[in-house]
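Printed here is start.pdb (PDB, C-alpha atoms and all ligand atoms):
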```
ATOM      1  CA  MET E 694      94.903 167.206 114.839  1.00  0.00           C
ATOM      2  CA  SER E 695      98.334 166.860 116.400  1.00  0.00           C
ATOM      3  CA  CYS E 696     100.731 164.115 115.370  1.00  0.00           C
ATOM      4  CA  ALA E 697     100.929 162.855 118.979  1.00  0.00           C
ATOM      5  CA  ALA E 698      97.272 161.808 118.809  1.00  0.00           C
ATOM      6  CA  ILE E 699      97.878 159.587 115.800  1.00  0.00           C
ATOM      7  CA  ASP E 700      98.338 155.882 116.595  1.00  0.00           C
ATOM      8  CA  LEU E 701     100.578 154.854 113.717  1.00  0.00           C
ATOM      9  CA  LYS E 702     101.517 151.549 115.379  1.00  0.00           C
ATOM     10  CA  GLY E 703      97.907 150.556 115.836  1.00  0.00           C
ATOM     11  CA  TYR E 704      97.234 151.645 112.273  1.00  0.00           C
ATOM     12  CA  LEU E 705     100.110 149.554 110.947  1.00  0.00           C
ATOM     13  CA  LEU E 706      99.157 146.510 113.007  1.00  0.00           C
ATOM     14  CA  GLY E 707      95.515 146.758 111.909  1.00  0.00           C
ATOM     15  CA  GLU E 708      94.302 147.176 115.483  1.00  0.00           C
ATOM     16  CA  LEU E 709      92.168 150.275 114.941  1.00  0.00           C
ATOM     17  CA  GLU E 710      88.429 150.620 114.503  1.00  0.00           C
ATOM     18  CA  GLU E 711      87.399 151.738 111.061  1.00  0.00           C
ATOM     19  CA  ALA E 712      86.548 155.292 112.239  1.00  0.00           C
ATOM     20  CA  GLU E 713      90.006 155.649 113.820  1.00  0.00           C
ATOM     21  CA  ARG E 714      91.653 154.202 110.694  1.00  0.00           C
ATOM     22  CA  ALA E 715      89.877 156.802 108.595  1.00  0.00           C
ATOM     23  CA  ARG E 716      91.078 159.512 110.981  1.00  0.00           C
ATOM     24  CA  VAL E 717      94.703 158.298 110.657  1.00  0.00           C
ATOM     25  CA  ARG E 718      94.362 158.066 106.871  1.00  0.00           C
ATOM     26  CA  ALA E 719      93.096 161.615 106.693  1.00  0.00           C
ATOM     27  CA  HIS E 720      95.990 162.815 108.879  1.00  0.00           C
ATOM     28  CA  LEU E 721      98.547 160.905 106.798  1.00  0.00           C
ATOM     29  CA  ALA E 722      97.245 162.578 103.656  1.00  0.00           C
ATOM     30  CA  ASP E 723      98.133 165.945 105.137  1.00  0.00           C
ATOM     31  CA  CYS E 724     101.230 165.161 107.260  1.00  0.00           C
ATOM     32  CA  ALA E 725     104.520 164.292 105.578  1.00  0.00           C
ATOM     33  CA  ALA E 726     106.246 163.673 108.941  1.00  0.00           C
ATOM     34  CA  CYS E 727     103.742 160.955 109.907  1.00  0.00           C
ATOM     35  CA  ARG E 728     103.929 159.383 106.426  1.00  0.00           C
ATOM     36  CA  GLU E 729     107.710 159.184 106.876  1.00  0.00           C
ATOM     37  CA  GLU E 730     107.328 157.764 110.383  1.00  0.00           C
ATOM     38  CA  LEU E 731     104.878 155.177 109.086  1.00  0.00           C
ATOM     39  CA  GLU E 732     107.366 154.124 106.421  1.00  0.00           C
ATOM     40  CA  ARG E 733     110.052 153.704 109.104  1.00  0.00           C
ATOM     41  CA  LEU E 734     107.700 151.658 111.226  1.00  0.00           C
ATOM     42  CA  LYS E 735     106.904 149.460 108.244  1.00  0.00           C
ATOM     43  CA  LEU E 736     110.594 148.839 107.559  1.00  0.00           C
ATOM     44  CA  THR E 737     111.230 148.101 111.215  1.00  0.00           C
ATOM     45  CA  GLN E 738     108.295 145.737 111.397  1.00  0.00           C
ATOM     46  CA  ALA E 739     109.508 143.916 108.284  1.00  0.00           C
ATOM     47  CA  ALA E 740     112.966 143.564 109.861  1.00  0.00           C
ATOM     48  CA  LEU E 741     111.528 142.361 113.164  1.00  0.00           C
ATOM     49  CA  LEU E 742     109.319 139.828 111.426  1.00  0.00           C
ATOM     50  CA  THR E 743     112.410 138.091 110.095  1.00  0.00           C
ATOM     51  CA  LEU E 744     113.628 137.341 113.620  1.00  0.00           C
ATOM     52  CA  ARG E 745     113.117 134.022 115.241  1.00  0.00           C
ATOM     53  CA  GLU E 746     110.128 134.095 117.539  1.00  0.00           C
ATOM     54  CA  GLU E 747     111.200 131.741 120.265  1.00  0.00           C
ATOM     55  CA  GLU E 748     114.167 133.084 122.176  1.00  0.00           C
ATOM     56  CA  ILE E 749     113.187 131.649 125.570  1.00  0.00           C
ATOM     57  CA  PRO E 750     113.542 127.913 126.073  1.00  0.00           C
ATOM     58  CA  ARG E 751     110.141 126.647 127.047  1.00  0.00           C
ATOM     59  CA  ARG E 752     111.510 124.351 129.723  1.00  0.00           C
ATOM     60  CA  ILE E 753     112.377 127.288 131.995  1.00  0.00           C
ATOM     61  CA  ALA E 754     108.971 128.914 131.779  1.00  0.00           C
ATOM     62  CA  PHE E 755     105.405 127.809 131.966  1.00  0.00           C
ATOM     63  CA  VAL E 756     103.450 127.848 128.768  1.00  0.00           C
ATOM     64  CA  SER E 757     100.798 129.914 130.511  1.00  0.00           C
ATOM     65  CA  ASP E 758     103.290 132.718 131.056  1.00  0.00           C
ATOM     66  CA  PRO E 759     102.235 135.820 129.187  1.00  0.00           C
ATOM     67  CA  VAL E 760     105.672 135.808 127.621  1.00  0.00           C
ATOM     68  CA  PHE E 761     104.433 133.231 125.125  1.00  0.00           C
ATOM     69  CA  GLU E 762     101.435 135.215 124.054  1.00  0.00           C
ATOM     70  CA  ARG E 763     103.478 137.361 121.724  1.00  0.00           C
ATOM     71  CA  PRO E 764     107.070 137.253 120.526  1.00  0.00           C
ATOM     72  CA  TRP E 765     109.389 139.534 122.449  1.00  0.00           C
ATOM     73  CA  TRP E 766     109.596 142.151 119.750  1.00  0.00           C
ATOM     74  CA  LYS E 767     105.822 142.534 119.554  1.00  0.00           C
ATOM     75  CA  ARG E 768     105.719 143.043 123.311  1.00  0.00           C
ATOM     76  CA  TRP E 769     108.562 145.513 122.996  1.00  0.00           C
ATOM     77  CA  TRP E 770     106.900 147.088 119.988  1.00  0.00           C
ATOM     78  CA  ALA E 771     103.711 147.581 121.950  1.00  0.00           C
ATOM     79  CA  ALA E 772     105.468 148.328 125.230  1.00  0.00           C
ATOM     80  CA  GLY E 773     104.473 151.940 125.611  1.00  0.00           C
ATOM     81  CA  PRO E 774     104.633 155.488 124.435  1.00  0.00           C
ATOM     82  CA  GLN E 775     108.412 155.674 124.930  1.00  0.00           C
ATOM     83  CA  TRP E 776     108.792 153.433 121.864  1.00  0.00           C
ATOM     84  CA  ALA E 777     105.944 154.846 119.861  1.00  0.00           C
ATOM     85  CA  PHE E 778     108.158 157.108 117.810  1.00  0.00           C
ATOM     86  CA  ALA E 779     111.435 155.301 118.236  1.00  0.00           C
ATOM     87  CA  SER E 780     113.426 155.672 115.102  1.00  0.00           C
ATOM     88  CA  ALA E 781     114.136 152.752 112.867  1.00  0.00           C
ATOM     89  CA  LEU E 782     117.818 153.277 113.617  1.00  0.00           C
ATOM     90  CA  VAL E 783     117.405 152.622 117.338  1.00  0.00           C
ATOM     91  CA  LEU E 784     115.348 149.516 116.683  1.00  0.00           C
ATOM     92  CA  ALA E 785     117.793 148.335 114.069  1.00  0.00           C
ATOM     93  CA  LEU E 786     120.649 148.685 116.583  1.00  0.00           C
ATOM     94  CA  ALA E 787     118.601 146.752 119.087  1.00  0.00           C
ATOM     95  CA  ILE E 788     118.002 144.057 116.503  1.00  0.00           C
ATOM     96  CA  VAL E 789     121.708 143.812 115.753  1.00  0.00           C
ATOM     97  CA  ALA E 790     122.494 143.638 119.483  1.00  0.00           C
ATOM     98  CA  HIS E 791     119.867 140.965 119.924  1.00  0.00           C
ATOM     99  CA  GLY E 792     121.426 139.022 117.094  1.00  0.00           C
ATOM    100  CA  LEU E 793     124.905 139.348 118.609  1.00  0.00           C
ATOM    101  CA  LEU E 794     123.728 138.443 122.094  1.00  0.00           C
ATOM    102  CA  GLN E 795     121.878 135.385 120.905  1.00  0.00           C
ATOM    103  CA  PRO E 796     123.814 132.420 122.201  1.00  0.00           C
ATOM    104  CA  SER E 797     125.090 130.487 119.280  1.00  0.00           C
ATOM    105  CA  PRO E 798     122.834 127.514 118.806  1.00  0.00           C
ATOM    106  CA  PRO E 799     124.256 124.259 120.082  1.00  0.00           C
ATOM    107  CA  PRO E 800     125.922 122.333 117.287  1.00  0.00           C
ATOM    108  CA  ALA E 801     123.356 120.162 115.653  1.00  0.00           C
ATOM    109  CA  PRO E 802     124.151 116.493 116.106  1.00  0.00           C
ATOM    110  CA  ALA E 803     125.781 115.250 112.972  1.00  0.00           C
ATOM    111  CA  VAL E 804     123.106 113.670 110.851  1.00  0.00           C
ATOM    112  CA  ASP E 805     124.322 110.601 109.087  1.00  0.00           C
ATOM    113  CA  THR E 806     122.072 110.735 106.049  1.00  0.00           C
ATOM    114  CA  ALA E 807     123.732 107.691 104.533  1.00  0.00           C
ATOM    115  CA  ALA E 808     122.904 105.617 107.620  1.00  0.00           C
ATOM    116  CA  ILE E 809     119.316 106.903 107.643  1.00  0.00           C
ATOM    117  CA  GLU E 810     118.939 106.126 103.977  1.00  0.00           C
ATOM    118  CA  GLN E 811     120.392 102.688 104.532  1.00  0.00           C
ATOM    119  CA  ARG E 812     118.016 102.055 107.435  1.00  0.00           C
ATOM    120  CA  LEU E 813     115.024 103.244 105.402  1.00  0.00           C
ATOM    121  CA  ARG E 814     116.095 101.057 102.512  1.00  0.00           C
ATOM    122  CA  ALA E 815     116.475  98.073 104.849  1.00  0.00           C
ATOM    123  CA  GLU E 816     113.021  98.758 106.335  1.00  0.00           C
ATOM    124  CA  PHE E 817     111.561  99.072 102.877  1.00  0.00           C
ATOM    125  CA  GLN E 818     113.274  95.850 101.853  1.00  0.00           C
ATOM    126  CA  GLN E 819     111.844  94.094 104.924  1.00  0.00           C
ATOM    127  CA  GLN E 820     108.367  95.397 104.217  1.00  0.00           C
ATOM    128  CA  LEU E 821     108.657  94.385 100.600  1.00  0.00           C
ATOM    129  CA  GLU E 822     109.834  90.895 101.533  1.00  0.00           C
ATOM    130  CA  ARG E 823     107.046  90.568 104.088  1.00  0.00           C
ATOM    131  CA  ALA E 824     104.497  91.671 101.506  1.00  0.00           C
ATOM    132  CA  VAL E 825     105.894  89.209  98.962  1.00  0.00           C
ATOM    133  CA  ARG E 826     105.879  86.406 101.529  1.00  0.00           C
ATOM    134  CA  GLU E 827     102.266  87.164 102.434  1.00  0.00           C
ATOM    135  CA  ALA E 828     101.259  87.333  98.789  1.00  0.00           C
ATOM    136  CA  VAL E 829     103.019  84.034  98.072  1.00  0.00           C
ATOM    137  CA  ALA E 830     101.468  82.429 101.142  1.00  0.00           C
ATOM    138  CA  GLN E 831      98.020  83.608 100.096  1.00  0.00           C
ATOM    139  CA  SER E 832      98.640  82.393  96.568  1.00  0.00           C
ATOM    140  CA  GLU E 833      99.853  79.043  97.889  1.00  0.00           C
ATOM    141  CA  ALA E 834      96.828  78.801 100.157  1.00  0.00           C
ATOM    142  CA  ARG E 835      94.538  79.486  97.214  1.00  0.00           C
ATOM    143  CA  GLN E 836      96.517  77.016  95.105  1.00  0.00           C
ATOM    144  CA  GLN E 837      96.312  74.350  97.795  1.00  0.00           C
ATOM    145  CA  GLN E 838      92.605  75.003  98.192  1.00  0.00           C
ATOM    146  CA  ARG E 839      92.131  74.564  94.446  1.00  0.00           C
ATOM    147  CA  ILE E 840      94.170  71.348  94.513  1.00  0.00           C
ATOM    148  CA  ARG E 841      92.184  70.058  97.493  1.00  0.00           C
ATOM    149  CA  GLU E 842      88.953  70.837  95.691  1.00  0.00           C
ATOM    150  CA  ALA E 843      90.199  69.196  92.485  1.00  0.00           C
ATOM    151  CA  VAL E 844      91.310  66.111  94.403  1.00  0.00           C
ATOM    152  CA  ALA E 845      88.005  65.947  96.219  1.00  0.00           C
ATOM    153  CA  ALA E 846      86.138  66.323  92.952  1.00  0.00           C
ATOM    154  CA  ALA E 847      88.303  63.619  91.340  1.00  0.00           C
ATOM    155  CA  ARG E 848      87.711  61.363  94.323  1.00  0.00           C
ATOM    156  CA  ARG E 849      83.958  61.919  94.137  1.00  0.00           C
ATOM    157  CA  GLU E 850      84.110  61.231  90.420  1.00  0.00           C
ATOM    158  CA  TRP E 851      86.234  58.149  90.990  1.00  0.00           C
ATOM    159  CA  GLU E 852      83.981  56.843  93.761  1.00  0.00           C
ATOM    160  CA  PHE E 853      80.955  57.454  91.605  1.00  0.00           C
ATOM    161  CA  GLN E 854      82.660  55.672  88.735  1.00  0.00           C
ATOM    162  CA  ARG E 855      83.776  52.838  90.967  1.00  0.00           C
ATOM    163  CA  LYS E 856      80.287  52.422  92.316  1.00  0.00           C
ATOM    164  CA  ALA E 857      79.031  52.491  88.775  1.00  0.00           C
ATOM    165  CA  ASP E 858      81.632  49.871  87.830  1.00  0.00           C
ATOM    166  CA  LEU E 859      80.693  47.739  90.804  1.00  0.00           C
ATOM    167  CA  LEU E 860      77.069  48.055  89.869  1.00  0.00           C
ATOM    168  CA  ALA E 861      77.962  47.114  86.319  1.00  0.00           C
ATOM    169  CA  VAL E 862      80.000  44.152  87.505  1.00  0.00           C
ATOM    170  CA  GLU E 863      77.230  43.131  89.804  1.00  0.00           C
ATOM    171  CA  GLU E 864      74.777  43.552  87.021  1.00  0.00           C
ATOM    172  CA  ASN E 865      76.951  41.520  84.692  1.00  0.00           C
ATOM    173  CA  PHE E 866      77.440  38.941  87.367  1.00  0.00           C
ATOM    174  CA  ASN E 867      73.730  38.718  87.921  1.00  0.00           C
ATOM    175  CA  VAL E 868      73.198  38.436  84.212  1.00  0.00           C
ATOM    176  CA  LEU E 869      75.896  35.833  84.046  1.00  0.00           C
ATOM    177  CA  LYS E 870      74.393  33.977  86.984  1.00  0.00           C
ATOM    178  CA  LYS E 871      71.015  33.996  85.343  1.00  0.00           C
ATOM    179  CA  ARG E 872      72.570  32.765  82.143  1.00  0.00           C
ATOM    180  CA  MET E 873      74.339  30.078  84.089  1.00  0.00           C
ATOM    181  CA  ASN E 874      71.090  29.152  85.701  1.00  0.00           C
ATOM    182  CA  VAL E 875      69.467  29.013  82.328  1.00  0.00           C
ATOM    183  CA  LEU E 876      72.371  26.959  81.029  1.00  0.00           C
ATOM    184  CA  GLN E 877      72.226  24.690  84.035  1.00  0.00           C
ATOM    185  CA  ILE E 878      68.509  24.224  83.595  1.00  0.00           C
ATOM    186  CA  TYR E 879      69.040  23.655  79.913  1.00  0.00           C
ATOM    187  CA  LEU E 880      71.858  21.238  80.485  1.00  0.00           C
ATOM    188  CA  ALA E 881      70.001  19.522  83.239  1.00  0.00           C
ATOM    189  CA  SER E 882      66.903  19.096  81.153  1.00  0.00           C
ATOM    190  CA  ASN E 883      68.926  17.939  78.240  1.00  0.00           C
ATOM    191  CA  LEU E 884      70.903  15.542  80.331  1.00  0.00           C
ATOM    192  CA  GLU E 885      67.756  14.312  81.906  1.00  0.00           C
ATOM    193  CA  GLY E 886      66.249  13.911  78.497  1.00  0.00           C
ATOM    194  CA  GLY E 887      69.336  12.191  77.239  1.00  0.00           C
ATOM    195  CA  VAL E 888      69.352   9.915  80.130  1.00  0.00           C
ATOM    196  CA  ARG E 889      65.810   9.354  79.654  1.00  0.00           C
TER
HETATM  197 ZN    ZN E 901     101.599 163.928 111.671  1.00  0.00          ZN
END
```

As a first step, turn the structure in this file into structure tokens.
Amino acid sequence: MSCAAIDLKGYLLGELEEAERARVRAHLADCAACREELERLKLTQAALLTLREEEIPRRIAFVSDPVFERPWWKRWWAAGPQWAFASALVLALAIVAHGLLQPSPPPAPAVDTAAIEQRLRAEFQQQLERAVREAVAQSEARQQQRIREAVAAARREWEFQRKADLLAVEENFNVLKKRMNVLQIYLASNLEGGVR
């Protein structure tokens, strides 16, 4: 089998059917040139994989554009037979050129970490204070409820006691009245008798 019929790219990218993979493996076992080419492709792929994948700002293209289906280097990689046996050197030069031609990224806005930290701390402080206030309010509400219940219970107890006292007074008064009556009757009878 001739080297031209061997799809090393497809083999490397895992795109081949198992029968085709076996065919490539068998060829690689016998062909030093293709083993060397495969090694170059592997190195190139590893280098390409380290590149950033988004080189086109999304705002100037629709997301449905095929350009977003694969990163540029994979499209380039799979572009056609003219690149199939491109040497690692050519690709490496292209990578360097790509790196040089990349517009330098706009300067990142200065991030004031101290201010962010301060803001986060202030937010945390606010949340903490709010949580404490709520906890205190709930505690106070429970406390007030307990006090209300205690007062109500004391009042019930007091009213019960007062009623009991009133009953006792009334009872005593009645007893006293009866005794007075008895005394009156006694006195009256005695006086009557004395007069008599
Ligand atoms: Zn070969």

| Written as a PyMOL selection string, what is the full residue list that the PyMOL selection byres (((chain E and resi 699-706) around 10) and not hetatm) yields on the file shown? | chain E and resi 694-698+707-711+713-718+720-721+727-728+730-732+734-735+738+770-771+776-778

| query | Which distance in Å separates atom ZN of ligand ZN 901 (chain E) and atom CA of E:Cys724, to one decimal? | reply |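 Those two atoms sit 4.6 Å apart.
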
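In terms of minimum interatomic distance to ligand ZN 901 (chain E), E:Asp723 ranks closest within E:Glu863, E:Glu852, E:Asp858, E:Asp723, counting all atoms listed in the file.
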
| Which distance in Å separates atom CA of E:Tyr879 and atom CA of E:Phe866, to one decimal? |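 Spanning atom CA of E:Tyr879 to atom CA of E:Phe866 is a straight-line distance of 19.0 Å.
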